[in-house]
$ cat final03.txt   # compact mmCIF, C-alpha atoms
# COMPACT_ATOMS: atom_id res chain seq x y z
CA MET P 1 35.81 141.04 -87.72
CA THR P 2 33.73 137.89 -88.11
CA VAL P 3 34.65 134.95 -85.88
CA THR P 4 33.44 131.53 -86.99
CA LEU P 5 33.57 128.10 -85.41
CA ALA P 6 34.13 126.24 -88.66
CA ALA P 7 36.82 123.61 -88.89
CA PRO P 8 38.66 123.36 -92.19
CA GLU P 9 36.97 120.97 -94.58
CA VAL P 10 39.42 118.28 -95.59
CA PRO P 11 38.31 116.17 -98.54
CA ARG P 12 38.29 112.43 -97.97
CA ALA P 13 39.41 110.36 -100.89
CA ALA P 14 37.31 107.49 -102.13
CA THR P 15 38.41 104.39 -103.95
CA GLY P 16 36.25 102.30 -106.23
CA ARG P 17 32.79 103.20 -107.47
CA PRO P 18 31.44 106.59 -106.27
CA LEU P 19 28.25 106.83 -104.21
CA PRO P 20 25.61 109.34 -105.34
CA ALA P 21 24.29 111.85 -102.82
CA TRP P 22 20.69 111.85 -104.06
CA PRO P 23 19.35 109.15 -101.67
CA VAL P 24 20.25 111.28 -98.64
CA ALA P 25 19.85 114.75 -100.16
CA GLY P 26 16.57 113.79 -101.85
CA VAL P 27 14.98 112.58 -98.63
CA LEU P 28 15.94 115.72 -96.70
CA LEU P 29 15.50 118.38 -99.36
CA LEU P 30 12.18 117.03 -100.66
CA TYR P 31 10.68 115.91 -97.35
CA PRO P 32 7.77 118.41 -97.65
CA LEU P 33 6.92 116.75 -100.99
CA TRP P 34 7.04 113.25 -99.50
CA TRP P 35 4.75 114.46 -96.70
CA ALA P 36 2.27 115.96 -99.17
CA LEU P 37 2.27 112.78 -101.26
CA GLY P 38 1.41 110.73 -98.17
CA LEU P 39 4.78 108.99 -97.97
CA GLY P 40 6.19 110.86 -94.96
CA VAL P 41 8.28 108.49 -92.85
CA LEU P 42 7.60 105.70 -95.34
CA ILE P 43 10.23 107.33 -97.56
CA PHE P 44 13.01 105.97 -95.31
CA PRO P 45 12.43 102.24 -95.96
CA LEU P 46 11.72 103.01 -99.62
CA VAL P 47 15.02 104.83 -100.16
CA ALA P 48 16.93 102.33 -98.00
CA VAL P 49 16.58 99.75 -100.79
CA PRO P 50 18.60 101.70 -103.41
CA MET P 51 21.02 102.84 -100.69
CA ALA P 52 21.77 99.24 -99.71
CA ALA P 53 22.11 98.25 -103.37
CA LEU P 54 24.49 101.13 -104.06
CA LEU P 55 26.62 100.26 -101.04
CA LEU P 56 26.79 96.63 -102.13
CA ARG P 57 27.71 97.58 -105.70
CA ALA P 58 30.43 99.97 -104.47
CA HIS P 59 31.82 97.29 -102.16
CA VAL P 60 31.94 94.73 -104.96
CA ALA P 61 33.71 97.32 -107.14
CA GLY P 62 36.48 97.62 -104.54
CA ARG P 63 35.33 100.51 -102.37
CA PRO P 64 35.52 99.64 -98.66
CA VAL P 65 32.32 100.21 -96.70
CA ARG P 66 33.07 101.69 -93.29
CA LEU P 67 30.93 101.11 -90.21
CA PRO P 68 30.51 103.88 -87.63
CA PRO P 69 32.48 103.70 -84.38
CA GLY P 70 30.64 101.65 -81.79
CA PHE P 71 28.49 99.92 -84.40
CA ALA P 72 28.81 96.60 -82.56
CA LEU P 73 26.60 98.06 -79.84
CA TRP P 74 23.98 99.06 -82.38
CA ALA P 75 24.16 95.57 -83.90
CA VAL P 76 23.37 94.12 -80.47
CA PHE P 77 20.34 96.39 -80.25
CA LEU P 78 19.12 95.26 -83.69
CA ALA P 79 19.55 91.66 -82.59
CA ALA P 80 17.47 92.36 -79.47
CA VAL P 81 14.74 93.87 -81.66
CA LEU P 82 14.68 90.75 -83.85
CA VAL P 83 14.69 88.37 -80.87
CA GLY P 84 11.74 90.28 -79.45
CA VAL P 85 9.54 89.16 -82.32
CA ALA P 86 9.62 85.66 -80.80
CA VAL P 87 7.92 86.85 -77.60
CA LEU P 88 5.07 88.85 -79.13
CA GLY P 89 2.61 86.32 -77.75
CA ALA P 90 3.69 86.85 -74.12
CA GLU P 91 1.14 88.63 -71.93
CA PRO P 92 2.38 90.98 -69.19
CA ALA P 93 0.08 91.62 -66.25
CA GLY P 94 -2.59 94.22 -66.90
CA ALA P 95 -2.38 94.09 -70.71
CA VAL P 96 -5.19 93.36 -73.15
CA ASP P 97 -5.08 89.73 -74.25
CA GLU P 98 -4.26 89.54 -77.95
CA HIS P 99 -2.78 86.97 -80.33
CA ALA P 100 0.82 87.50 -81.41
CA SER P 101 -0.30 87.92 -85.02
CA GLY P 102 -2.22 91.05 -84.02
CA ARG P 103 1.01 92.62 -82.78
CA LEU P 104 3.09 91.58 -85.75
CA ILE P 105 2.27 94.66 -87.86
CA GLY P 106 3.46 97.13 -85.19
CA ALA P 107 6.57 95.11 -84.38
CA GLY P 108 7.34 94.59 -88.07
CA TYR P 109 7.00 98.31 -88.71
CA ARG P 110 9.61 99.04 -86.05
CA VAL P 111 11.98 96.35 -87.37
CA ILE P 112 11.75 97.78 -90.89
CA GLN P 113 12.27 101.36 -89.76
CA TYR P 114 15.22 100.50 -87.50
CA ALA P 115 16.81 98.60 -90.39
CA ALA P 116 16.15 101.43 -92.87
CA LEU P 117 17.66 104.05 -90.58
CA THR P 118 20.69 101.84 -90.02
CA VAL P 119 21.24 101.79 -93.79
CA LEU P 120 20.90 105.60 -93.78
CA LEU P 121 23.55 105.86 -91.06
CA ILE P 122 26.04 103.70 -92.94
CA TYR P 123 25.34 105.25 -96.35
CA ALA P 124 25.62 108.86 -95.19
CA GLY P 125 28.77 108.03 -93.25
CA ASN P 126 30.44 106.56 -96.33
CA LEU P 127 29.84 109.59 -98.55
CA THR P 128 32.93 111.67 -99.22
CA GLU P 129 33.22 115.44 -99.21
CA ALA P 130 33.10 115.44 -103.01
CA GLU P 131 29.89 113.38 -102.98
CA LEU P 132 28.06 115.15 -100.15
CA SER P 133 30.07 117.63 -98.09
CA ARG P 134 29.50 117.99 -94.37
CA ARG P 135 28.63 121.63 -94.86
CA ARG P 136 25.94 120.75 -97.39
CA LEU P 137 24.50 118.12 -95.05
CA VAL P 138 24.39 120.71 -92.26
CA GLY P 139 22.57 123.02 -94.69
CA LEU P 140 20.00 120.32 -95.47
CA LEU P 141 19.28 119.86 -91.76
CA ALA P 142 19.00 123.65 -91.37
CA TRP P 143 16.51 123.64 -94.27
CA LEU P 144 14.39 121.10 -92.40
CA PHE P 145 14.40 123.35 -89.35
CA ALA P 146 12.97 126.17 -91.49
CA ILE P 147 10.35 123.70 -92.77
CA THR P 148 9.55 122.77 -89.17
CA VAL P 149 9.00 126.42 -88.29
CA ALA P 150 6.77 126.88 -91.36
CA GLY P 151 4.79 123.78 -90.40
CA GLY P 152 4.43 125.13 -86.87
CA LEU P 153 3.04 128.43 -88.13
CA LEU P 154 0.63 126.55 -90.41
CA GLY P 155 -0.53 124.50 -87.45
CA ILE P 156 -1.12 127.56 -85.28
CA PHE P 157 -2.89 129.77 -87.81
CA ALA P 158 -4.60 127.07 -89.92
CA GLY P 159 -4.93 124.25 -87.43
CA HIS P 160 -7.74 122.49 -89.30
CA PHE P 161 -5.83 122.38 -92.61
CA GLU P 162 -5.66 118.83 -94.00
CA PHE P 163 -6.06 117.03 -97.27
CA THR P 164 -6.22 113.55 -98.76
CA SER P 165 -2.85 112.45 -100.12
CA PRO P 166 -2.33 110.43 -103.30
CA VAL P 167 -1.03 107.45 -101.30
CA GLU P 168 -4.09 107.61 -99.07
CA LEU P 169 -6.38 107.46 -102.10
CA LEU P 170 -4.74 104.22 -103.19
CA LEU P 171 -5.51 102.45 -99.90
CA PRO P 172 -8.74 100.56 -99.18
CA SER P 173 -11.11 102.54 -96.96
CA HIS P 174 -10.95 100.04 -94.08
CA VAL P 175 -7.15 100.47 -94.03
CA ARG P 176 -6.80 104.23 -94.46
CA ASP P 177 -9.40 104.93 -91.75
CA LYS P 178 -7.21 103.40 -89.04
CA GLY P 179 -5.67 106.01 -86.73
CA PHE P 180 -2.11 104.73 -87.14
CA VAL P 181 -2.40 104.63 -90.93
CA GLN P 182 -3.86 108.14 -90.91
CA SER P 183 -0.82 109.42 -89.05
CA LEU P 184 1.40 107.98 -91.80
CA VAL P 185 -0.41 108.94 -95.01
CA HIS P 186 -2.87 111.75 -94.19
CA PRO P 187 -1.21 115.21 -94.16
CA TYR P 188 -2.57 117.62 -91.55
CA ALA P 189 -1.26 120.81 -90.03
CA ALA P 190 -1.99 120.19 -86.36
CA GLN P 191 -3.46 117.85 -83.82
CA ILE P 192 -6.53 119.33 -82.15
CA MET P 193 -6.31 118.52 -78.44
CA ASP P 194 -8.18 119.48 -75.30
CA VAL P 195 -5.34 121.24 -73.52
CA VAL P 196 -5.77 124.19 -71.13
CA ARG P 197 -9.53 123.47 -70.95
CA ASP P 198 -10.30 124.08 -74.66
CA ALA P 199 -9.69 122.36 -77.99
CA HIS P 200 -6.37 123.73 -79.16
CA PRO P 201 -4.44 123.20 -82.41
CA ARG P 202 -0.93 121.95 -81.67
CA PRO P 203 1.48 122.02 -84.65
CA ALA P 204 2.39 118.70 -86.22
CA ALA P 205 3.29 119.38 -89.87
CA PRO P 206 5.22 117.88 -91.50
CA TRP P 207 6.09 115.31 -88.84
CA GLY P 208 2.74 113.64 -88.13
CA TYR P 209 2.49 114.19 -84.38
CA THR P 210 2.82 117.31 -82.24
CA ASN P 211 5.32 115.53 -79.95
CA THR P 212 7.43 114.56 -82.95
CA TRP P 213 7.25 118.17 -84.16
CA GLY P 214 8.61 119.34 -80.81
CA ASN P 215 11.30 116.66 -80.72
CA ASN P 216 12.49 117.49 -84.24
CA PHE P 217 12.48 121.22 -83.48
CA CYS P 218 15.02 120.61 -80.69
CA LEU P 219 17.14 118.28 -82.82
CA LEU P 220 17.26 120.60 -85.84
CA VAL P 221 17.59 124.07 -84.29
CA VAL P 222 21.23 123.40 -83.38
CA TRP P 223 22.03 122.62 -87.02
CA PHE P 224 20.28 125.80 -88.10
CA ALA P 225 22.50 127.76 -85.70
CA ALA P 226 25.60 125.90 -86.91
CA TRP P 227 24.71 126.66 -90.54
CA ALA P 228 24.10 130.37 -89.90
CA TRP P 229 26.91 131.15 -87.44
CA GLY P 230 29.37 128.27 -87.65
CA TYR P 231 30.47 129.02 -91.20
CA PRO P 232 31.28 132.24 -93.05
CA ALA P 233 28.00 133.81 -94.18
CA ARG P 234 26.66 137.10 -95.44
CA ARG P 235 25.19 139.52 -92.94
CA ARG P 236 21.85 139.28 -94.73
CA THR P 237 21.83 135.51 -94.25
CA ARG P 238 22.38 135.84 -90.53
CA LEU P 239 19.69 138.51 -90.21
CA LEU P 240 17.24 136.20 -91.96
CA ALA P 241 18.30 133.40 -89.63
CA LEU P 242 17.64 135.62 -86.61
CA ALA P 243 14.23 136.50 -88.03
CA CYS P 244 13.41 132.82 -88.47
CA LEU P 245 14.41 132.06 -84.88
CA ALA P 246 12.34 134.99 -83.61
CA VAL P 247 9.28 133.88 -85.55
CA SER P 248 9.72 130.30 -84.32
CA VAL P 249 8.94 131.46 -80.78
CA VAL P 250 5.25 131.72 -81.72
CA PRO P 251 4.66 128.03 -82.59
CA VAL P 252 7.03 126.92 -79.83
CA VAL P 253 4.92 128.66 -77.19
CA HIS P 254 1.52 127.90 -78.71
CA SER P 255 2.43 124.25 -79.14
CA LEU P 256 1.91 123.93 -75.37
CA ASN P 257 4.67 121.34 -75.52
CA ARG P 258 6.41 121.21 -72.16
CA GLY P 259 8.88 118.61 -73.40
CA LEU P 260 9.93 121.01 -76.16
CA TRP P 261 10.40 123.84 -73.68
CA ILE P 262 12.55 121.67 -71.43
CA GLY P 263 14.50 120.37 -74.41
CA LEU P 264 15.34 123.85 -75.62
CA GLY P 265 16.58 124.75 -72.15
CA VAL P 266 18.75 121.62 -72.02
CA SER P 267 20.16 122.39 -75.48
CA ALA P 268 20.94 126.02 -74.59
CA VAL P 269 22.78 125.01 -71.42
CA TYR P 270 24.71 122.26 -73.24
CA VAL P 271 25.88 124.60 -76.01
CA ALA P 272 26.84 127.34 -73.56
CA VAL P 273 28.87 124.94 -71.44
CA ARG P 274 30.63 123.43 -74.48
CA LEU P 275 31.51 126.89 -75.79
CA ALA P 276 32.74 127.99 -72.37
CA LEU P 277 34.94 124.90 -72.08
CA ALA P 278 36.36 125.78 -75.49
CA GLY P 279 37.42 129.19 -74.12
CA ARG P 280 34.40 131.18 -75.30
CA THR P 281 33.23 132.25 -71.85
CA TRP P 282 30.97 134.89 -73.38
CA ALA P 283 28.52 132.04 -74.02
CA ILE P 284 27.55 131.91 -70.35
CA GLY P 285 26.76 135.62 -70.38
CA GLY P 286 24.85 135.19 -73.62
CA LEU P 287 22.79 132.40 -72.07
CA ALA P 288 21.96 134.60 -69.07
CA ALA P 289 20.98 137.48 -71.36
CA ALA P 290 18.79 135.20 -73.47
CA ALA P 291 17.09 133.87 -70.34
CA ALA P 292 16.43 137.42 -69.13
CA ALA P 293 15.03 138.44 -72.52
CA LEU P 294 12.75 135.39 -72.55
CA ALA P 295 11.52 136.13 -69.04
CA ALA P 296 10.75 139.72 -70.05
CA ALA P 297 8.89 138.59 -73.17
CA LEU P 298 6.77 136.17 -71.17
CA ALA P 299 6.02 138.84 -68.59
CA LEU P 300 5.14 141.60 -71.06
CA THR P 301 3.39 139.73 -73.88
CA PRO P 302 0.35 137.42 -74.10
CA LEU P 303 2.72 134.50 -74.60
CA GLY P 304 3.36 134.49 -70.86
CA GLY P 305 -0.30 133.76 -70.16
CA VAL P 306 -0.23 130.81 -72.56
CA VAL P 307 2.84 129.32 -70.88
CA GLY P 308 1.43 129.86 -67.40
CA ALA P 309 -1.87 128.20 -68.27
CA ARG P 310 -0.08 125.17 -69.73
CA LEU P 311 2.15 124.74 -66.70
CA ASP P 312 -0.88 124.89 -64.45
CA ASP P 313 -2.68 122.27 -66.53
CA GLY P 314 -1.00 118.90 -65.97
CA HIS P 315 -3.77 116.63 -67.19
CA SER P 316 -1.32 114.30 -68.94
CA ASN P 317 0.93 113.82 -65.90
CA GLY P 318 -1.20 111.06 -64.42
CA VAL P 319 -1.30 109.12 -67.69
CA ARG P 320 2.46 109.39 -68.14
CA SER P 321 3.12 108.24 -64.57
CA PHE P 322 0.72 105.32 -65.07
CA LEU P 323 2.44 104.23 -68.30
CA THR P 324 5.93 104.66 -66.82
CA GLU P 325 4.99 102.43 -63.91
CA ARG P 326 3.55 99.82 -66.29
CA ALA P 327 6.71 99.91 -68.43
CA VAL P 328 8.99 99.38 -65.43
CA THR P 329 6.90 96.58 -63.93
CA GLY P 330 6.62 94.95 -67.36
CA MET P 331 10.39 95.11 -67.78
CA ALA P 332 10.74 93.34 -64.42
CA GLU P 333 8.60 90.48 -65.78
CA SER P 334 10.86 90.01 -68.81
CA PRO P 335 14.12 91.83 -68.01
CA VAL P 336 16.40 90.32 -70.67
CA VAL P 337 14.48 90.51 -73.97
CA GLY P 338 11.36 92.47 -72.98
CA PHE P 339 8.08 91.80 -74.77
CA GLY P 340 9.15 92.55 -78.34
CA SER P 341 6.74 95.43 -78.84
CA THR P 342 4.34 97.72 -77.00
CA ARG P 343 1.20 96.46 -75.27
CA THR P 344 -2.25 97.94 -74.70
CA THR P 345 -3.31 98.40 -71.10
CA MET P 346 -6.52 96.87 -69.84
CA GLY P 347 -8.58 100.02 -69.32
CA GLY P 348 -7.25 103.37 -68.18
CA ARG P 349 -5.39 104.45 -65.06
CA ASN P 350 -8.59 104.84 -63.04
CA SER P 351 -10.64 101.83 -64.12
CA ILE P 352 -10.20 98.63 -66.12
CA THR P 353 -13.69 99.13 -67.54
CA VAL P 354 -12.57 102.09 -69.65
CA GLY P 355 -11.79 101.05 -73.19
CA GLU P 356 -11.85 101.97 -76.83
CA SER P 357 -14.98 101.66 -78.93
CA ALA P 358 -16.12 102.37 -82.47
CA ALA P 359 -17.13 105.86 -81.35
CA CYS P 360 -13.87 106.54 -79.47
CA GLU P 361 -10.83 104.74 -80.83
CA ARG P 362 -8.47 106.41 -78.34
CA CYS P 363 -10.51 106.04 -75.14
CA GLY P 364 -8.66 104.17 -72.42
CA ASN P 365 -6.43 101.25 -73.38
CA PHE P 366 -3.22 103.28 -73.27
CA THR P 367 -0.07 102.07 -75.04
CA VAL P 368 2.70 100.90 -72.71
CA GLY P 369 5.92 102.26 -74.21
CA GLY P 370 4.19 105.09 -76.03
CA ASN P 371 5.20 107.80 -73.56
CA GLY P 372 8.95 107.93 -74.25
CA GLN P 373 11.75 106.05 -76.02
CA LEU P 374 13.37 104.96 -72.75
CA TRP P 375 10.18 103.31 -71.49
CA GLN P 376 9.60 101.63 -74.85
CA LEU P 377 13.15 100.29 -74.87
CA LEU P 378 12.85 98.88 -71.35
CA PHE P 379 9.46 97.30 -71.96
CA ALA P 380 9.84 96.09 -75.55
CA HIS P 381 13.55 95.19 -75.70
CA GLY P 382 14.58 94.60 -72.10
CA LEU P 383 17.79 95.57 -70.38
CA VAL P 384 20.00 94.17 -73.14
CA GLY P 385 18.38 96.21 -75.91
CA THR P 386 18.21 99.32 -73.73
CA ALA P 387 21.88 99.09 -72.71
CA ALA P 388 22.97 98.59 -76.34
CA TYR P 389 20.87 101.52 -77.61
CA LEU P 390 22.07 103.89 -74.89
CA GLY P 391 25.61 102.55 -75.16
CA PHE P 392 25.85 103.29 -78.88
CA PHE P 393 24.88 106.95 -78.57
CA GLY P 394 26.72 107.34 -75.27
CA TYR P 395 29.88 106.01 -76.89
CA GLY P 396 29.48 108.57 -79.67
CA LEU P 397 29.19 111.39 -77.16
CA TRP P 398 32.36 110.25 -75.42
CA ARG P 399 34.40 109.46 -78.54
CA PHE P 400 33.70 112.81 -80.23
CA ARG P 401 33.77 114.94 -77.07
CA ARG P 402 36.91 116.82 -78.14
CA ASP P 403 35.36 118.12 -81.37
CA ARG P 404 34.87 121.83 -80.61
CA GLY P 405 33.88 122.95 -84.09
CA PRO P 406 30.31 123.73 -85.15
CA ILE P 407 29.64 120.12 -86.08
CA GLY P 408 31.12 118.83 -82.82
CA ILE P 409 28.99 121.10 -80.65
CA ALA P 410 25.79 120.78 -82.70
CA GLY P 411 26.14 117.01 -83.08
CA GLY P 412 26.88 116.51 -79.41
CA CYS P 413 23.92 118.71 -78.51
CA ALA P 414 21.58 116.73 -80.76
CA ILE P 415 22.60 113.42 -79.20
CA PHE P 416 22.61 114.77 -75.64
CA GLY P 417 19.21 116.38 -76.20
CA GLY P 418 17.97 113.09 -77.61
CA PHE P 419 18.90 111.42 -74.32
CA ALA P 420 16.86 113.98 -72.38
CA ALA P 421 13.89 113.66 -74.75
CA MET P 422 13.79 109.88 -74.25
CA LEU P 423 11.89 110.47 -71.02
CA TRP P 424 8.84 111.84 -72.84
CA TYR P 425 9.29 111.43 -76.63
CA ASN P 426 9.52 108.33 -78.81
CA ALA P 427 12.35 108.38 -81.36
CA LEU P 428 11.00 106.49 -84.36
CA VAL P 429 11.15 107.60 -87.08
CA THR P 430 12.45 111.07 -87.93
CA PRO P 431 13.99 111.95 -84.53
CA LEU P 432 16.16 108.83 -84.68
CA ALA P 433 17.05 109.65 -88.30
CA PHE P 434 18.29 113.09 -87.20
CA MET P 435 20.25 111.58 -84.29
CA PHE P 436 21.88 109.20 -86.77
CA LEU P 437 22.77 112.07 -89.10
CA ALA P 438 24.28 113.92 -86.14
CA TYR P 439 26.35 110.79 -85.41
CA THR P 440 27.31 110.65 -89.09
CA LEU P 441 28.55 114.24 -89.12
CA LEU P 442 30.59 113.69 -85.95
CA TRP P 443 32.05 110.51 -87.42
CA ARG P 444 32.96 112.12 -90.74
CA ASN P 445 34.41 115.13 -88.96
CA SER P 446 36.74 112.85 -87.00
CA LEU P 447 37.83 111.13 -90.23
CA ALA P 448 38.63 114.53 -91.79
CA ARG P 449 40.78 115.49 -88.82
$ encode --input "final03.txt" --output "structure tokens"
Amino acid sequence: MTVTLAAPEVPRAATGRPLPAWPVAGVLLLYPLWWALGLGVLIFPLVAVPMAALLLRAHVAGRPVRLPPGFALWAVFLAAVLVGVAVLGAEPAGAVDEHASGRLIGAGYRVIQYAALTVLLIYAGNLTEAELSRRRLVGLLAWLFAITVAGGLLGIFAGHFEFTSPVELLLPSHVRDKGFVQSLVHPYAAQIMDVVRDAHPRPAAPWGYTNTWGNNFCLLVVWFAAWAWGYPARRRTRLLALACLAVSVVPVVHSLNRGLWIGLGVSAVYVAVRLALAGRTWAIGGLAAAAAALAAALALTPLGGVVGARLDDGHSNGVRSFLTERAVTGMAESPVVGFGSTRTTMGGRNSITVGESAACERCGNFTVGGNGQLWQLLFAHGLVGTAAYLGFFGYGLWRFRRDRGPIGIAGGCAIFGGFAAMLWYNALVTPLAFMFLAYTLLWRNSLAR
């Protein structure tokens, strides 16, 4: 007998003009295409324009536009982000002196992306079951997990694979050669980094950065599990899902991403506890068995040597501690509104004379707020923005805590895991998009009940 966790899907009626699903489904289903074209995360502000227009047209036609529970908190955060633009010229201690106009591009990029993802949150939450069912949305997120695994394998076995995208070709050379612009429009399989004493390819495709790849892996794997085991499915489908999860171990280990490893552990414990509280006590035994199997695999296969070498090599710990300290001290200088954006440190952690040059764009001059979403919130948006951001997602966790179906557990895990990842990962753009879609699914599930 097959036991599933699926809650019955109750259609939600809509009044007024219908909303098409293609803005949401197109972004998720075709994300590999957007990445190859050089659009990548730029697709979110581009598609936010028709989404906003469609919402406005539906509202004018008599269809009420709902806002997610707790949206007032998110509105406060957006207000803090906008207010921060006014203090871009402020100079915290130990930062490189720069005119406010030089910081306007980075701050403007964040404002646009936060606004675009907010439109995504509202639009996806207002779609009905007939327009885009929750099960189909879960399937789209599961599809992106499979794409993440494929990108990880590409990064491991063809780490130097890259190509010039069509969007990149349209840009002037002095623009497309900038490191930040390259991360947006230049598709590559992996970032080559000196980790564990040698240059090592760390998977990044199709998410731009290896840390973003690891963050998205954690956020999406729960939806893959919900898609495969939370709903009725053929045995062949579940065997293929198991095979995909087994294969994913290779890029997970070879990514040398300690944050990813910790995140997967946090997610596994969260899911096991939620299942146990729902009366499925076998989940605790399953977690123990999985931990034992993993320990055996690490002890008996070469993967164990890779993990051990990475844990012994903590070359980034000093940099992260340095940036965390700078973020906290900077927040103390401007505790209410922060500094509006990140700042560049004067030199490195060992000397103020270390700095970037034409030959080494990334030497010294670290980015305060670039080592985790929490530190960026505190430094760039102060205590008000940080409290509103954390309050919005924390309210969602509390409000939907009684949802014990596949969406309730997977959505809660995604948001809870996002909280843990804030200590070492930044959320813009795709990780925050996936946290918003988790919030959307929890919200729509509560409406259906």
$ closest_residue --input "final03.txt" --among "P:Pro431, P:Gly179, P:Gly106, P:Gly38" --to "Trp213 (chain P)" --atoms "only C-alpha atoms"
P:Pro431
$ closest_residue --input "final03.txt" --among "P:Met435, P:Leu374, P:Ala226, P:Ala21" --to "Arg135 (chain P)" --atoms "all atoms listed in the file"
P:Ala226
$ atom_distance --input "final03.txt" --atom1 "CA of Trp34 (chain P)" --atom2 "CA of Thr210 (chain P)"
18.2 Å
$ closest_residue --input "final03.txt" --among "P:Phe393, P:Phe145, P:Phe44, P:Trp443" --to "Val27 (chain P)" --atoms "all atoms listed in the file"
P:Phe44
$ atom_distance --input "final03.txt" --atom1 "CA of Pro92 (chain P)" --atom2 "CA of Leu184 (chain P)"
28.3 Å
$ closest_residue --input "final03.txt" --among "P:Leu275, P:Val328, P:Ala293, P:Ala380" --to "Gly412 (chain P)" --atoms "only C-alpha atoms"
P:Leu275
$ residues_around --input "final03.txt" --residues "Val181 (chain P)" --least-positions-apart "4" --cutoff "12 Å" --atoms "all atoms listed in the file" --output "PyMOL selection string"
chain P and resi 38-42+105-106+109+167-168+171-177+185-187+208
